[in-house]
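Enquirer: If it helps, the file is called structure-v7.pdb and holds PDB, C-alpha atoms and all ligand atoms:
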ATOM      1  CA  MET A1304      -2.401-200.884 -39.052
ATOM      2  CA  VAL A1305      -2.970-199.452 -42.517
ATOM      3  CA  TYR A1306      -6.069-197.340 -43.195
ATOM      4  CA  THR A1307      -7.302-196.808 -46.749
ATOM      5  CA  GLU A1308      -9.858-194.118 -47.534
ATOM      6  CA  PRO A1309     -11.377-192.887 -50.813
ATOM      7  CA  ALA A1310     -11.132-189.172 -51.611
ATOM      8  CA  PHE A1311     -13.823-188.120 -54.099
ATOM      9  CA  ALA A1312     -13.725-185.161 -56.476
ATOM     10  CA  LYS A1313     -16.340-182.408 -56.437
ATOM     11  CA  LEU A1314     -18.055-180.392 -59.125
ATOM     12  CA  ASN A1315     -19.631-176.981 -58.735
ATOM     13  CA  LEU A1316     -23.154-176.952 -60.122
ATOM     14  CA  THR A1317     -23.080-173.247 -59.268
ATOM     15  CA  LEU A1318     -20.358-170.934 -58.037
ATOM     16  CA  ASP A1319     -21.251-167.402 -56.980
ATOM     17  CA  ILE A1320     -19.086-164.779 -55.299
ATOM     18  CA  LEU A1321     -21.046-162.408 -53.097
ATOM     19  CA  GLY A1322     -18.304-160.051 -51.969
ATOM     20  CA  ARG A1323     -14.802-159.594 -50.640
ATOM     21  CA  ARG A1324     -14.328-159.929 -46.894
ATOM     22  CA  PRO A1325     -12.097-157.933 -44.585
ATOM     23  CA  ASP A1326      -9.918-161.052 -44.067
ATOM     24  CA  GLY A1327      -9.043-161.126 -47.798
ATOM     25  CA  TYR A1328     -11.259-164.143 -48.557
ATOM     26  CA  HIS A1329     -14.513-163.958 -50.496
ATOM     27  CA  ASP A1330     -18.043-164.827 -49.436
ATOM     28  CA  MET A1331     -19.287-167.590 -51.683
ATOM     29  CA  ARG A1332     -22.542-169.341 -52.508
ATOM     30  CA  MET A1333     -21.976-172.669 -54.224
ATOM     31  CA  VAL A1334     -23.904-175.826 -54.942
ATOM     32  CA  MET A1335     -21.404-178.682 -54.770
ATOM     33  CA  GLN A1336     -21.725-182.295 -55.896
ATOM     34  CA  SER A1337     -19.406-185.234 -55.237
ATOM     35  CA  ILE A1338     -18.594-187.608 -58.100
ATOM     36  CA  ASP A1339     -16.961-191.022 -58.286
ATOM     37  CA  LEU A1340     -13.602-189.859 -59.649
ATOM     38  CA  GLN A1341     -11.378-190.633 -56.671
ATOM     39  CA  ASP A1342      -7.911-190.603 -55.212
ATOM     40  CA  THR A1343      -7.045-193.376 -52.774
ATOM     41  CA  VAL A1344      -5.419-192.232 -49.548
ATOM     42  CA  THR A1345      -3.584-194.698 -47.309
ATOM     43  CA  VAL A1346      -2.553-193.676 -43.806
ATOM     44  CA  THR A1347      -0.007-195.762 -41.899
ATOM     45  CA  PRO A1348       1.064-194.715 -38.393
ATOM     46  CA  HIS A1349       4.761-195.154 -37.603
ATOM     47  CA  PRO A1350       6.844-194.588 -34.482
ATOM     48  CA  GLY A1351       8.860-191.563 -35.678
ATOM     49  CA  PRO A1352       7.612-187.971 -35.312
ATOM     50  CA  GLU A1353       7.308-187.036 -39.010
ATOM     51  CA  ILE A1354       4.304-186.793 -41.271
ATOM     52  CA  GLN A1355       5.457-187.889 -44.735
ATOM     53  CA  VAL A1356       3.495-187.923 -47.956
ATOM     54  CA  SER A1357       4.188-190.108 -50.976
ATOM     55  CA  SER A1358       2.228-190.312 -54.205
ATOM     56  CA  ASP A1359       2.342-191.581 -57.775
ATOM     57  CA  LEU A1360       2.832-187.984 -58.982
ATOM     58  CA  PRO A1361       6.466-187.022 -58.442
ATOM     59  CA  TYR A1362       5.784-183.271 -58.269
ATOM     60  CA  LEU A1363       3.334-183.328 -55.335
ATOM     61  CA  PRO A1364       4.840-181.927 -52.089
ATOM     62  CA  ARG A1365       6.075-184.708 -49.769
ATOM     63  CA  GLY A1366       5.965-182.899 -46.436
ATOM     64  CA  ASP A1367       4.239-179.920 -44.822
ATOM     65  CA  GLY A1368       3.483-178.373 -48.213
ATOM     66  CA  ASN A1369       0.973-181.130 -48.936
ATOM     67  CA  ILE A1370      -2.573-180.412 -47.777
ATOM     68  CA  ALA A1371      -2.872-184.034 -46.536
ATOM     69  CA  ALA A1372       0.060-183.453 -44.143
ATOM     70  CA  LYS A1373      -1.389-180.074 -43.107
ATOM     71  CA  ALA A1374      -4.695-181.734 -42.302
ATOM     72  CA  ALA A1375      -2.997-184.297 -40.038
ATOM     73  CA  ALA A1376      -0.972-181.596 -38.265
ATOM     74  CA  ARG A1377      -4.119-179.504 -37.667
ATOM     75  CA  PHE A1378      -5.943-182.545 -36.320
ATOM     76  CA  PHE A1379      -3.306-183.192 -33.648
ATOM     77  CA  GLU A1380      -2.999-179.494 -32.840
ATOM     78  CA  GLN A1381      -6.745-178.935 -32.445
ATOM     79  CA  THR A1382      -7.444-182.125 -30.473
ATOM     80  CA  ASN A1383      -4.366-181.813 -28.243
ATOM     81  CA  LEU A1384      -3.640-185.473 -28.970
ATOM     82  CA  PRO A1385       0.072-186.331 -28.951
ATOM     83  CA  PRO A1386       1.216-186.073 -32.603
ATOM     84  CA  SER A1387       1.861-189.448 -34.166
ATOM     85  CA  GLY A1388       4.209-190.095 -37.077
ATOM     86  CA  LEU A1389       2.291-190.928 -40.227
ATOM     87  CA  SER A1390       3.044-192.111 -43.728
ATOM     88  CA  ILE A1391       0.351-190.877 -46.065
ATOM     89  CA  ASP A1392       0.263-192.322 -49.564
ATOM     90  CA  ILE A1393      -1.914-190.808 -52.277
ATOM     91  CA  ARG A1394      -2.766-192.631 -55.505
ATOM     92  CA  LYS A1395      -3.804-189.631 -57.560
ATOM     93  CA  ARG A1396      -6.620-189.894 -60.098
ATOM     94  CA  ILE A1397      -8.296-186.497 -59.660
ATOM     95  CA  PRO A1398      -6.554-183.976 -61.933
ATOM     96  CA  VAL A1399      -4.378-181.568 -59.967
ATOM     97  CA  CYS A1400      -5.183-177.809 -59.996
ATOM     98  CA  ALA A1401      -8.389-178.468 -61.881
ATOM     99  CA  GLY A1402     -11.108-176.940 -59.679
ATOM    100  CA  MET A1403     -12.190-180.382 -58.457
ATOM    101  CA  ALA A1404     -10.924-180.080 -54.863
ATOM    102  CA  GLY A1405      -8.552-183.037 -55.269
ATOM    103  CA  GLY A1406      -6.061-181.792 -52.660
ATOM    104  CA  SER A1407      -8.824-180.774 -50.252
ATOM    105  CA  SER A1408     -10.426-184.173 -50.657
ATOM    106  CA  ASP A1409      -7.133-185.921 -49.818
ATOM    107  CA  GLY A1410      -6.889-183.734 -46.683
ATOM    108  CA  ALA A1411     -10.472-184.580 -45.764
ATOM    109  CA  ALA A1412      -9.764-188.316 -46.202
ATOM    110  CA  VAL A1413      -6.860-188.043 -43.723
ATOM    111  CA  LEU A1414      -9.106-186.208 -41.241
ATOM    112  CA  ARG A1415     -11.788-188.913 -41.543
ATOM    113  CA  VAL A1416      -9.224-191.655 -40.859
ATOM    114  CA  LEU A1417      -7.792-189.810 -37.841
ATOM    115  CA  ARG A1418     -11.218-189.168 -36.353
ATOM    116  CA  ARG A1419     -12.298-192.786 -36.865
ATOM    117  CA  THR A1420      -9.160-194.205 -35.292
ATOM    118  CA  LEU A1421      -8.313-191.651 -32.579
ATOM    119  CA  ARG A1422     -11.427-189.649 -31.696
ATOM    120  CA  PRO A1423     -14.532-191.624 -32.763
ATOM    121  CA  ASP A1424     -16.613-189.497 -30.368
ATOM    122  CA  MET A1425     -15.834-186.284 -32.284
ATOM    123  CA  SER A1426     -18.882-184.684 -33.938
ATOM    124  CA  SER A1427     -18.951-184.016 -37.680
ATOM    125  CA  LYS A1428     -19.286-180.301 -36.876
ATOM    126  CA  GLU A1429     -16.066-180.366 -34.858
ATOM    127  CA  LEU A1430     -14.248-182.211 -37.655
ATOM    128  CA  GLU A1431     -15.569-179.717 -40.236
ATOM    129  CA  GLU A1432     -14.245-176.868 -38.084
ATOM    130  CA  ILE A1433     -10.783-178.437 -38.165
ATOM    131  CA  GLY A1434     -11.238-178.901 -41.916
ATOM    132  CA  SER A1435     -11.948-175.198 -42.438
ATOM    133  CA  LEU A1436      -8.550-174.407 -40.876
ATOM    134  CA  VAL A1437      -6.940-176.582 -43.558
ATOM    135  CA  GLY A1438      -8.678-175.119 -46.636
ATOM    136  CA  SER A1439     -11.941-173.580 -47.792
ATOM    137  CA  ASP A1440     -13.162-176.709 -49.631
ATOM    138  CA  VAL A1441     -12.168-179.204 -46.924
ATOM    139  CA  PRO A1442     -15.419-178.981 -44.879
ATOM    140  CA  TYR A1443     -17.412-179.877 -48.003
ATOM    141  CA  CYS A1444     -15.008-182.697 -48.826
ATOM    142  CA  LEU A1445     -15.626-184.150 -45.364
ATOM    143  CA  ARG A1446     -19.352-184.233 -45.986
ATOM    144  CA  GLY A1447     -19.930-184.929 -49.700
ATOM    145  CA  GLY A1448     -23.219-185.372 -51.528
ATOM    146  CA  SER A1449     -25.270-182.410 -52.795
ATOM    147  CA  VAL A1450     -24.622-179.384 -50.596
ATOM    148  CA  LEU A1451     -25.158-175.613 -50.574
ATOM    149  CA  ALA A1452     -21.896-174.144 -49.227
ATOM    150  CA  GLU A1453     -21.751-170.516 -48.103
ATOM    151  CA  GLY A1454     -19.339-168.193 -46.336
ATOM    152  CA  ARG A1455     -15.832-169.399 -47.202
ATOM    153  CA  GLY A1456     -17.456-172.789 -47.758
ATOM    154  CA  GLU A1457     -17.871-173.801 -44.124
ATOM    155  CA  ARG A1458     -21.602-172.952 -43.795
ATOM    156  CA  MET A1459     -23.260-175.964 -45.346
ATOM    157  CA  THR A1460     -26.840-177.023 -45.994
ATOM    158  CA  ASP A1461     -27.552-180.549 -47.225
ATOM    159  CA  LEU A1462     -29.614-180.666 -50.419
ATOM    160  CA  PRO A1463     -31.610-183.498 -52.005
ATOM    161  CA  PRO A1464     -29.547-185.674 -54.354
ATOM    162  CA  LEU A1465     -29.614-185.039 -58.098
ATOM    163  CA  PRO A1466     -31.778-187.303 -60.239
ATOM    164  CA  PRO A1467     -29.730-190.048 -61.922
ATOM    165  CA  CYS A1468     -27.402-188.536 -64.537
ATOM    166  CA  TRP A1469     -23.857-188.717 -65.947
ATOM    167  CA  PHE A1470     -21.023-186.254 -65.995
ATOM    168  CA  VAL A1471     -18.137-186.097 -68.424
ATOM    169  CA  VAL A1472     -15.306-184.064 -66.931
ATOM    170  CA  CYS A1473     -12.576-182.706 -69.200
ATOM    171  CA  LYS A1474      -9.485-180.885 -67.987
ATOM    172  CA  PRO A1475      -7.575-178.911 -70.609
ATOM    173  CA  PRO A1476      -3.786-178.841 -70.211
ATOM    174  CA  CYS A1477      -3.541-175.425 -68.573
ATOM    175  CA  ALA A1478      -3.380-174.543 -64.887
ATOM    176  CA  VAL A1479      -5.378-171.785 -63.248
ATOM    177  CA  SER A1480      -4.171-170.110 -60.056
ATOM    178  CA  THR A1481      -7.102-169.780 -57.646
ATOM    179  CA  PRO A1482      -5.765-166.619 -55.917
ATOM    180  CA  GLU A1483      -5.087-165.059 -59.344
ATOM    181  CA  LEU A1484      -8.635-165.756 -60.460
ATOM    182  CA  PHE A1485     -10.084-164.287 -57.257
ATOM    183  CA  SER A1486      -7.925-161.202 -57.794
ATOM    184  CA  LEU A1487      -9.478-160.724 -61.261
ATOM    185  CA  VAL A1488     -12.976-160.599 -59.794
ATOM    186  CA  ARG A1489     -14.283-157.061 -59.496
ATOM    187  CA  MET A1490     -17.705-157.460 -57.947
ATOM    188  CA  LYS A1491     -19.367-154.682 -59.942
ATOM    189  CA  ARG A1492     -18.104-156.109 -63.221
ATOM    190  CA  LEU A1493     -19.567-159.584 -62.765
ATOM    191  CA  ARG A1494     -22.295-159.502 -65.388
ATOM    192  CA  PHE A1495     -24.210-162.612 -64.372
ATOM    193  CA  HIS A1496     -24.881-164.585 -61.213
ATOM    194  CA  PRO A1497     -26.290-168.101 -60.925
ATOM    195  CA  ARG A1498     -29.922-168.430 -59.882
ATOM    196  CA  THR A1499     -28.990-170.573 -56.926
ATOM    197  CA  ALA A1500     -32.424-170.591 -55.249
ATOM    198  CA  GLU A1501     -34.044-171.718 -58.507
ATOM    199  CA  LEU A1502     -31.473-174.473 -58.944
ATOM    200  CA  ILE A1503     -32.230-175.668 -55.404
ATOM    201  CA  SER A1504     -35.991-175.712 -56.181
ATOM    202  CA  ALA A1505     -35.247-177.766 -59.291
ATOM    203  CA  LEU A1506     -33.212-180.166 -57.118
ATOM    204  CA  GLU A1507     -36.113-180.437 -54.684
ATOM    205  CA  GLN A1508     -38.443-181.276 -57.577
ATOM    206  CA  GLY A1509     -36.022-183.803 -59.096
ATOM    207  CA  ASP A1510     -36.110-181.696 -62.295
ATOM    208  CA  LEU A1511     -32.842-182.445 -64.142
ATOM    209  CA  GLU A1512     -33.680-180.062 -67.017
ATOM    210  CA  GLY A1513     -34.330-177.280 -64.489
ATOM    211  CA  ILE A1514     -30.973-178.017 -62.858
ATOM    212  CA  ALA A1515     -29.140-178.135 -66.192
ATOM    213  CA  VAL A1516     -30.306-174.730 -67.397
ATOM    214  CA  ARG A1517     -29.148-173.138 -64.136
ATOM    215  CA  LEU A1518     -25.542-174.400 -64.016
ATOM    216  CA  TYR A1519     -23.294-171.323 -63.786
ATOM    217  CA  ASN A1520     -19.885-170.346 -62.475
ATOM    218  CA  VAL A1521     -19.017-166.621 -62.179
ATOM    219  CA  PHE A1522     -15.307-167.344 -62.654
ATOM    220  CA  GLU A1523     -16.014-168.023 -66.343
ATOM    221  CA  ASP A1524     -16.691-164.305 -66.702
ATOM    222  CA  VAL A1525     -13.177-163.289 -65.619
ATOM    223  CA  LEU A1526     -11.116-166.087 -67.203
ATOM    224  CA  PRO A1527      -8.081-164.668 -69.007
ATOM    225  CA  ARG A1528      -7.888-165.245 -72.748
ATOM    226  CA  ARG A1529      -5.248-167.955 -72.361
ATOM    227  CA  TYR A1530      -7.980-170.265 -71.021
ATOM    228  CA  ALA A1531      -9.988-170.144 -74.265
ATOM    229  CA  GLN A1532     -10.013-173.980 -74.283
ATOM    230  CA  VAL A1533     -12.526-173.873 -71.424
ATOM    231  CA  PHE A1534     -15.093-172.312 -73.758
ATOM    232  CA  GLU A1535     -14.063-174.564 -76.636
ATOM    233  CA  ILE A1536     -14.744-177.639 -74.467
ATOM    234  CA  LYS A1537     -18.061-176.229 -73.235
ATOM    235  CA  GLY A1538     -19.113-175.763 -76.869
ATOM    236  CA  ARG A1539     -18.030-179.314 -77.740
ATOM    237  CA  PHE A1540     -20.091-180.734 -74.869
ATOM    238  CA  LEU A1541     -23.217-178.958 -76.111
ATOM    239  CA  GLU A1542     -22.620-180.172 -79.683
ATOM    240  CA  LEU A1543     -22.192-183.689 -78.287
ATOM    241  CA  GLY A1544     -25.606-183.668 -76.639
ATOM    242  CA  ALA A1545     -24.917-182.490 -73.078
ATOM    243  CA  MET A1546     -27.912-180.876 -71.368
ATOM    244  CA  ALA A1547     -25.513-178.163 -70.140
ATOM    245  CA  ALA A1548     -21.819-177.610 -69.472
ATOM    246  CA  SER A1549     -19.925-175.501 -66.962
ATOM    247  CA  MET A1550     -16.470-174.950 -65.520
ATOM    248  CA  THR A1551     -15.999-176.310 -61.990
ATOM    249  CA  GLY A1552     -14.452-174.276 -59.149
ATOM    250  CA  SER A1553     -11.572-172.115 -60.309
ATOM    251  CA  GLY A1554     -11.146-174.418 -63.307
ATOM    252  CA  PRO A1555      -9.926-175.212 -65.759
ATOM    253  CA  ALA A1556     -11.856-178.526 -65.685
ATOM    254  CA  VAL A1557     -15.182-178.363 -67.486
ATOM    255  CA  PHE A1558     -18.037-180.833 -67.152
ATOM    256  CA  GLY A1559     -20.953-181.762 -69.347
ATOM    257  CA  LEU A1560     -24.183-183.006 -67.744
ATOM    258  CA  PHE A1561     -25.887-185.881 -69.579
ATOM    259  CA  ARG A1562     -29.202-187.618 -68.988
ATOM    260  CA  ASP A1563     -28.219-190.726 -70.948
ATOM    261  CA  LYS A1564     -25.113-192.836 -70.606
ATOM    262  CA  PRO A1565     -24.596-193.612 -74.337
ATOM    263  CA  LEU A1566     -24.277-189.905 -75.201
ATOM    264  CA  ALA A1567     -21.912-189.385 -72.262
ATOM    265  CA  VAL A1568     -19.746-192.328 -73.366
ATOM    266  CA  GLN A1569     -19.682-190.970 -76.908
ATOM    267  CA  ALA A1570     -18.564-187.525 -75.633
ATOM    268  CA  LEU A1571     -15.843-189.213 -73.562
ATOM    269  CA  GLU A1572     -14.565-191.142 -76.568
ATOM    270  CA  ILE A1573     -14.579-188.102 -78.841
ATOM    271  CA  LEU A1574     -12.865-185.733 -76.380
ATOM    272  CA  ARG A1575     -10.302-188.098 -74.837
ATOM    273  CA  PRO A1576      -7.907-188.311 -77.823
ATOM    274  CA  GLN A1577      -7.480-184.506 -77.703
ATOM    275  CA  PHE A1578      -7.785-184.109 -73.910
ATOM    276  CA  PRO A1579      -6.354-187.195 -72.115
ATOM    277  CA  SER A1580      -7.710-185.945 -68.760
ATOM    278  CA  THR A1581     -11.328-186.715 -69.646
ATOM    279  CA  PHE A1582     -13.456-188.915 -67.392
ATOM    280  CA  LEU A1583     -16.940-190.407 -67.261
ATOM    281  CA  CYS A1584     -18.361-189.905 -63.766
ATOM    282  CA  GLU A1585     -21.413-190.743 -61.711
ATOM    283  CA  LEU A1586     -22.887-189.100 -58.635
ATOM    284  CA  VAL A1587     -21.607-190.081 -55.213
ATOM    285  CA  GLY A1588     -24.090-189.694 -52.372
ATOM    286  CA  ARG A1589     -23.349-188.637 -48.809
ATOM    287  CA  ALA A1590     -23.879-192.178 -47.479
ATOM    288  CA  VAL A1591     -20.579-193.292 -48.996
ATOM    289  CA  TYR A1592     -18.713-190.872 -46.697
ATOM    290  CA  ASN A1593     -19.612-192.507 -43.373
TER     291      ASN A1593
HETATM  292  O1  LIG A1601      -8.795-171.695 -48.464
HETATM  293  P1  LIG A1601      -7.892-172.036 -49.608
HETATM  294  O2  LIG A1601      -6.475-172.276 -49.190
HETATM  295  O3  LIG A1601      -8.423-173.141 -50.448
HETATM  296  O4  LIG A1601      -7.889-170.753 -50.544
HETATM  297  C1  LIG A1601      -6.905-170.533 -51.524
HETATM  298  C2  LIG A1601      -6.934-169.058 -51.932
HETATM  299  O5  LIG A1601      -8.147-168.770 -52.644
HETATM  300  C3  LIG A1601      -6.934-168.082 -50.780
HETATM  301  O6  LIG A1601      -5.631-167.741 -50.409
HETATM  302  C4  LIG A1601      -7.646-166.883 -51.369
HETATM  303  O7  LIG A1601      -6.779-166.140 -52.182
HETATM  304  C5  LIG A1601      -8.652-167.504 -52.279
HETATM  305  N1  LIG A1601     -10.011-167.678 -51.678
HETATM  306  C6  LIG A1601     -10.825-166.560 -51.489
HETATM  307  N2  LIG A1601     -12.073-166.755 -50.955
HETATM  308  C7  LIG A1601     -12.523-167.978 -50.648
HETATM  309  C8  LIG A1601     -11.718-169.113 -50.851
HETATM  310  C9  LIG A1601     -10.457-168.926 -51.377
HETATM  311  O8  LIG A1601     -10.436-165.435 -51.786
HETATM  312  N3  LIG A1601     -13.754-168.126 -50.158
END
For this file, produce the structure as structure tokens.

Expert:
Amino acid sequence: MVYTEPAFAKLNLTLDILGRRPDGYHDMRMVMQSIDLQDTVTVTPHPGPEIQVSSDLPYLPRGDGNIAAKAAARFFEQTNLPPSGLSIDIRKRIPVCAGMAGGSSDGAAVLRVLRRTLRPDMSSKELEEIGSLVGSDVPYCLRGGSVLAEGRGERMTDLPPLPPCWFVVCKPPCAVSTPELFSLVRMKRLRFHPRTAELISALEQGDLEGIAVRLYNVFEDVLPRRYAQVFEIKGRFLELGAMAASMTGSGPAVFGLFRDKPLAVQALEILRPQFPSTFLCELVGRAVYN
């Protein structure tokens, strides 16, 4: 049998860092949103013992180094099921190292396939616990939709969906190292924090303007100068009629939030010649994940 599963990208409507933990990780508070930019993950069991990964990007790790393979290994380890050989193929559309949880989403897609085929009785909570052993964003990627994620990302509260809107996501050609960015965060020097509770109230009221004015990511405050394009793109989005713009995750992808499709399409067409990794995206709701 061959199992094909979509792996959707996420955006951070907010990203706040509350403090450093004794285990070296940071306590976070983030409002996450899934969008329809997707990788396609195909899982094919085979008789041998290995878990192999192939993809249309030659530089992605092919074995244990790939988060999709790690996810499968953790699944067998945590369920005590006899490990099965797997070929995992990833058709990559989500920009890599962009702050959009592409790798985590591929891992989550593998976990969903394995649960569906091998342990359909397993609760979502149990699967999310396995996900958190694979990576901080994996539990969210298992769930999708509009979610408040806290702790390392494993404590999740479902939120009402956003009102209809459009995102244009633009990834400049630079790569940000997530651990490096965390290491630049000195809690006392973070000048601003998102008003997460107010953004959640705006979500509850279906108030897109109220959501837009509260988009904020604390990582923008510590970005080294070599990522100046992040701020250039944010400025371009605002000039092009976005209600707001923000970096997602540890970047460097930036998104503009638009109420109307024509303005979003125009922004896409203007930015794409300079930044080929620019995409027009819609919301993806939780229902698509089941
Ligand atoms: O969990 P994940 O492998 O995605 O995390 C990558 C790195 O990001 C960690 O090694 C850590 O340096 C940093 N991180 C953190 N606090 C978090 C999530 C990630 O410090 N909540």

Enquirer: Using only C-alpha atoms, which residues sit within 12 Å of Asp1330 (chain A) once same-chain residues fewer than 4 positions away are excluded, as a list of chain:residue names?

Expert: A:Leu1318, A:Asp1319, A:Ile1320, A:Leu1321, A:Gly1322, A:Arg1323, A:Arg1324, A:Pro1325, A:Asp1326, A:Ser1439, A:Ala1452, A:Glu1453, A:Gly1454, A:Arg1455, A:Gly1456, A:Glu1457, A:Arg1458, A:Phe1485, A:Met1490

Enquirer: Under the rule that all atoms listed in the file are counted, which of A:Ser1553, A:Gln1355, A:Val1516, A:Leu1506 is the nearest residue to Leu1487 (chain A)?

Expert: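 Nearest candidate to Leu1487 (chain A) out of A:Ser1553, A:Gln1355, A:Val1516, A:Leu1506: A:Ser1553.
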
Enquirer: Grab all the atoms of ligand LIG 1601 (chain A) that the file lists, wrap them in a box along x, y and z, add 4 Å per side, and give me centre plus edge lengths in Å (one decimal) as lines of an AutoDock Vina configuration file.

Expert:
center_x = -9.7
center_y = -169.3
center_z = -50.6
size_x = 16.1
size_y = 15.7
size_z = 12.2

Enquirer: Counting all atoms listed in the file, select every polymer residue within 12 Å of (-24.9, -190.1, -50.4) as defined in the file's coordinates, and provide the selection as a PyMOL selection string.

Expert: chain A and resi 1311+1336-1339+1446-1450+1461-1465+1585-1593

Enquirer: If I take CA of Glu1501 (chain A) and CA of Leu1340 (chain A), how far is one from the other in Å, to one decimal?

Expert: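 Pair CA of Glu1501 (chain A) / CA of Leu1340 (chain A) returns 27.4 Å.
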
Enquirer: Take the PyMOL selection byres (((chain A and resi 1530-1537) around 10) and not hetatm), apply it to the structure above, and return the hits as a PyMOL selection string.

Expert: chain A and resi 1472-1479+1523+1526-1529+1538-1543+1545+1547-1550+1554-1559+1574+1578

Enquirer: Between CA of Gly1438 (chain A) and atom O4 of ligand LIG 1601 (chain A), measure the distance and give it in Å to one decimal.

Expert: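 Value for the CA of Gly1438 (chain A)-atom O4 of ligand LIG 1601 (chain A) distance: 5.9 Å.
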
Enquirer: Hey, which of A:His1349, A:Lys1313, A:Arg1517, A:His1329 ends up closest to ligand LIG 1601 (chain A)? Count all atoms listed in the file.

Expert: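 Of the candidates, the smallest distance to ligand LIG 1601 (chain A) is held by A:His1329.
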
Enquirer: In Å, how far is it from CA of Cys1444 (chain A) to atom C5 of ligand LIG 1601 (chain A)?

Expert: 16.8 Å

Enquirer: Mind telling me what the PyMOL selection byres (((chain A and resi 1563) around 10) and not hetatm) catches here, as a PDB file with C-alpha atoms, in the frame of the given file?

Expert:
ATOM      1  CA  PRO A1467     -29.730-190.048 -61.922  1.00  0.00           C
ATOM      2  CA  CYS A1468     -27.402-188.536 -64.537  1.00  0.00           C
ATOM      3  CA  TRP A1469     -23.857-188.717 -65.947  1.00  0.00           C
ATOM      4  CA  PHE A1470     -21.023-186.254 -65.995  1.00  0.00           C
ATOM      5  CA  GLY A1544     -25.606-183.668 -76.639  1.00  0.00           C
ATOM      6  CA  ALA A1545     -24.917-182.490 -73.078  1.00  0.00           C
ATOM      7  CA  MET A1546     -27.912-180.876 -71.368  1.00  0.00           C
ATOM      8  CA  LEU A1560     -24.183-183.006 -67.744  1.00  0.00           C
ATOM      9  CA  PHE A1561     -25.887-185.881 -69.579  1.00  0.00           C
ATOM     10  CA  ARG A1562     -29.202-187.618 -68.988  1.00  0.00           C
ATOM     11  CA  LYS A1564     -25.113-192.836 -70.606  1.00  0.00           C
ATOM     12  CA  PRO A1565     -24.596-193.612 -74.337  1.00  0.00           C
ATOM     13  CA  LEU A1566     -24.277-189.905 -75.201  1.00  0.00           C
ATOM     14  CA  ALA A1567     -21.912-189.385 -72.262  1.00  0.00           C
ATOM     15  CA  VAL A1568     -19.746-192.328 -73.366  1.00  0.00           C
TER      16      VAL A1568
END

Enquirer: Can you tell me which residues surround Thr1382 (chain A) at a distance of at most 10 Å, considering only C-alpha atoms, apart from same-chain residues fewer than 5 positions away, and format the answer as a PyMOL selection string?

Expert: chain A and resi 1377+1418+1421-1422+1425+1429-1430+1433

Enquirer: Take the residues from that selection and put them in a file with C-alpha atoms, as a tab-separated table (two decimals), in the coordinates of the input.

Expert:
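Result written to part39.tsv:
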chain	number	residue	atom	x	y	z
A	1377	ARG	CA	-4.12	-179.50	-37.67
A	1418	ARG	CA	-11.22	-189.17	-36.35
A	1421	LEU	CA	-8.31	-191.65	-32.58
A	1422	ARG	CA	-11.43	-189.65	-31.70
A	1425	MET	CA	-15.83	-186.28	-32.28
A	1429	GLU	CA	-16.07	-180.37	-34.86
A	1430	LEU	CA	-14.25	-182.21	-37.66
A	1433	ILE	CA	-10.78	-178.44	-38.16

Enquirer: Step by step, work through what the PyMOL selection byres (((chain A and resi 1346) around 9) and not hetatm) selects in the shown file, and finish by giving those residues as a list in words.

Expert: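 Selection result, ordered by chain and number: Met1304, Val1305, Tyr1306, Thr1307, Glu1308, Val1344, Thr1345, Thr1347, Pro1348, Leu1389, Ser1390, Ile1391, Asp1392, Ile1393, Val1413, Val1416 and Leu1417 of chain A.
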
Enquirer: For a quick check of understanding, using all atoms listed in the file, which of A:Leu1493, A:Arg1394, A:Leu1571, A:Leu1445 has the smallest distance to Ala1412 (chain A)?

Expert: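 The closest residue to Ala1412 (chain A) is A:Leu1445.
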